[in-house]
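Undergrad: One structure, as structure tokens, below. Some questions next.
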Amino acid sequence: MLMPSGVMLLLGAWGIRRQDAIWRDEAVSYDMAHRSLPDLWHTLLHADVVHGLYYALMHVWFRAYDATLDGTFGEVVGLRLPSVAAMTAATAGVALLGHRLVGRRAGLLAGFTFACIPVVQQYAQEGRSYATVCALVVWATYLLVLTAAAAAPPHASPHPRPRLWLGYTALMLAACLLHEFACLVLPVHAAALILARLPRRVLRAWALSAATVLAGLAPLAVFSTRQSAQISWLMWPDPLQLLTFAVLAVLGLACARVRIRSRGPIGLRALGIPLLLLPTLLLLLLSHVEPAYVDRYVLYYVVGFALLAGAALARLLRPAGEAGQTRTRRLRRTAAVALVLAALLPIDVHLRSPDSRVDDVTAVARAVRAVAEPGDGLLFMPARRRIWTATRPHDFRGLTDLALDKSPLASHTLYGTERSGDAIRARMLASRRIVVAGDPDGQPADDNDQEIAKRATLRDAFEVCGTTEVRGARITVYGRAGACGTGAAR
């Protein structure tokens, strides 16, 4: 497992700073992690409770990081290092799973395959919980496979292994508390155990563990339904995300057709195929009731593909002379794998550029600083884009946030609270110049009172001085008649 996890560690470290670009979700993580625990608790009562455990862990991490390294590597690196470490641990777990299910060579190649998947590298370099959830799911699955092996002849024990079951339960509960949709791996584990035809006592022990996990998750799941408006932006799944899943699903099923002998009671196909397909399909079904599909919510599905692909590669790339494997055939297959890796290289390079994410908070802050003049008014359209100030507040000093009533920290919210539409209009009319940090063209406009007042007042009483486009944002300077100065954007 050391070689694949070492490769994953190197891939995670490669370009981790991404030119200091941070996108909006990472900015939320940074902001929440730097609030005091009492302030964080009060914020979670209003918003983002589903990520509460992750924010608390990141708060502890940043206190240790700042104290020991004193910011040597910068806040951006500190934000992403836990995800790099988590994905490295996940890669080690995938390698061990492949070894346990099929054999040493299959485990090695499964680990390498997992590390080379672009979406794995993407979330290994994001300050969010998804890499950690993936690692916990992988290691919980590994403990489940160990437990099944211990319960199967000739090592069958009359009593379930309590330590293994306790470890499995603890890892699954931690994964679910970090992100609720980790519970969608439980049907995968159930399918694997049923297909393995293990004794009923094993199924009963798993059912008890699963019930414990769901009982521990229930309070969080019930409370989080009060904050379901936070994912109201989700519509039908992103076609690119669906295409990624479809490609991996087709390739994984093709790999499953390669003749492979499993070593333990839980077969490779019995675990790999459900893990590849079930979580995403279940989330898509749920999305028909209420839109909830984003591929990162079930990122661990790629583990199923890595296991199937690793085992298939182990057979197809076996040394010349084994079971009719000719040197020419092996060279051809090795060349095909090399071509696939070469084709993935441009994607890997792109993932390490600022343009690989929805927006760039750092670029927005710098653009505002470049065009603003002391005393200018400032508006965020929509209000949730105020998160762009979280990581670089010094770039917004000297500007007056015309809509802000209470700051995010004072209001215990993610984005702060805003004044009424009439109050915002009055403050705008008292300003000579206003810098607007908003979404680029083509994004749907919010229709609340505050946003309507902002748009109407800008249209009726101001003229555009200039505009700057940055990744995921548009910075526009507005002025009253004759107020456009030399600092305006171009």
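By convention in this document, the chains of the structure tokens carry letters A, B, ... by their order, each chain's residues are numbered from 1, and ligands are numbered from 1 in the order they are shown.
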With only C-alpha atoms as the counted atoms, please give the residues lying no more than 8 Å from Leu37 (chain A), apart from itself and same-chain residues fewer than 3 positions off, as number ranges by chain.
TA: A: 40-41, 56, 59
Undergrad: Quick one: everything within 10 Å of Ala90 (chain A), counting only C-alpha atoms, minus sequence neighbours fewer than 4 positions away in the same chain. Send it as number ranges by chain.
TA: A: 5, 8, 84-86, 94-96, 111, 114-115, 120, 131-139, 300, 303
Undergrad: Between A:Ala437, A:Val247, A:Ala47, A:Leu316, which has the minimum distance to Leu331 (chain A) (counting only C-alpha atoms)?
TA: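 Ranking A:Ala437, A:Val247, A:Ala47, A:Leu316 by distance to Leu331 (chain A), first place goes to A:Leu316.
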Undergrad: Pick out the residues sitting within 9 Å of Leu217 (chain A), and hand them over as a list in words; count only C-alpha atoms, and ignore anything fewer than 6 positions along from it in its own chain.
TA: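 Non-adjacent residues within range: Leu173, Cys176, Leu177, Glu180 and Cys183 of chain A.
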Undergrad: CA of Val258 (chain A) and CA of Arg327 (chain A), how far apart in Å?
TA: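 If I compute the distance from CA of Arg327 (chain A) to CA of Val258 (chain A), I get 19.4 Å.
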Undergrad: Please identify which residues in region 275-314 of chain A DSSP calls helix (DSSP H, G or I) from the backbone, and express them as number ranges by chain.
TA: A: 275-289, 295-298, 301-314
Undergrad: Given the choices A:Thr169, A:Ser262, A:Thr362, A:Ser287, which gets closest to Val470 (chain A) if the distance is worked out from only C-alpha atoms?
TA: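 Closest to Val470 (chain A), using only C-alpha atoms: A:Thr362.
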Undergrad: Counting only C-alpha atoms, what is within 10 Å of Cys255 (chain A), bar same-chain residues fewer than 4 positions away, as a list in words?
TA: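 Result of the neighbour search: Ala249, Val250, Leu251, Arg259, Ile260, Arg269, Phe305, Ala306, Leu307, Leu308, Ala309, Gly310, Ala311, Ala312 and Leu313 of chain A.
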Undergrad: Find, counting only C-alpha atoms, the residue in A:Ala383, A:Gly466, A:Gly103, A:Leu284 that gets nearest to Ser407 (chain A).
TA: A:Ala383
Undergrad: As an exercise, work out the distance from CA of Leu240 (chain A) to CA of Ala27 (chain A) in Å and give it to one decimal place.
TA: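 Spanning CA of Leu240 (chain A) to CA of Ala27 (chain A) is a straight-line distance of 24.0 Å.
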Undergrad: Give me, please, the distance in Å between CA of Ile452 (chain A) and CA of Arg392 (chain A), quoted to one decimal.
TA: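 About the pair CA of Ile452 (chain A) and CA of Arg392 (chain A): they are 27.8 Å apart.
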Undergrad: For region 332-348 of chain A, please output as a short mmCIF file (atom, residue, chain, number, x, y, z; two decimals) with N, CA and C atoms, in the first residue's frame all residues within 9 Å (counting only C-alpha atoms; exclusion window: fewer than 3 positions along the same chain).
TA:
data_model
loop_
_atom_site.label_atom_id
_atom_site.label_comp_id
_atom_site.auth_asym_id
_atom_site.auth_seq_id
_atom_site.Cartn_x
_atom_site.Cartn_y
_atom_site.Cartn_z
N CYS A 116 -4.93 7.98 -9.67
CA CYS A 116 -4.85 8.63 -10.98
C CYS A 116 -6.20 9.17 -11.46
N ILE A 117 -7.29 8.83 -10.80
CA ILE A 117 -8.60 9.31 -11.23
C ILE A 117 -8.67 10.83 -11.01
N PRO A 118 -8.98 11.63 -12.02
CA PRO A 118 -8.96 13.09 -11.86
C PRO A 118 -9.83 13.61 -10.73
N GLN A 121 -8.04 13.43 -7.45
CA GLN A 121 -7.04 14.49 -7.30
C GLN A 121 -7.70 15.85 -7.04
N GLN A 122 -8.86 16.06 -7.65
CA GLN A 122 -9.56 17.33 -7.44
C GLN A 122 -9.92 17.53 -5.98
N LEU A 313 -6.65 -4.97 -14.52
CA LEU A 313 -5.29 -4.66 -14.98
C LEU A 313 -4.30 -5.70 -14.48
N LEU A 316 -4.68 -8.51 -16.94
CA LEU A 316 -4.30 -8.18 -18.31
C LEU A 316 -2.81 -7.86 -18.44
N LEU A 317 -2.20 -7.35 -17.38
CA LEU A 317 -0.80 -6.96 -17.43
C LEU A 317 0.10 -7.95 -16.68
N ARG A 327 4.62 -11.83 -24.73
CA ARG A 327 5.30 -10.57 -24.51
C ARG A 327 4.69 -9.45 -25.36
N THR A 328 4.33 -9.78 -26.61
CA THR A 328 3.75 -8.77 -27.50
C THR A 328 2.42 -8.27 -26.96
N ARG A 329 1.59 -9.19 -26.51
CA ARG A 329 0.28 -8.80 -25.98
C ARG A 329 0.44 -7.93 -24.74
N LEU A 351 -6.66 20.84 -13.35
CA LEU A 351 -7.20 20.81 -11.99
C LEU A 351 -6.36 21.64 -11.02
N ARG A 352 -5.12 21.92 -11.39
CA ARG A 352 -4.23 22.69 -10.52
C ARG A 352 -4.14 24.15 -10.93
#
Undergrad: Have a look at A:Val435, A:Ala13, A:Leu108, A:Leu220 and name the one nearest to Leu45 (chain A); count only C-alpha atoms.
TA: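 Of the candidates, the smallest distance to Leu45 (chain A) is held by A:Leu220.
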Undergrad: Find the residues near Ala191 (chain A): any atom within 9 Å, counting only C-alpha atoms, skip ones fewer than 6 places away on the same chain, and give them as an MDAnalysis selection string.
TA: chainID A and resid 270:271 274
Undergrad: Hey, which of A:Asp439, A:Ala314, A:His51, A:Arg35 ends up closest to Arg63 (chain A)? Count only C-alpha atoms.
TA: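 The closest residue to Arg63 (chain A) is A:Arg35.
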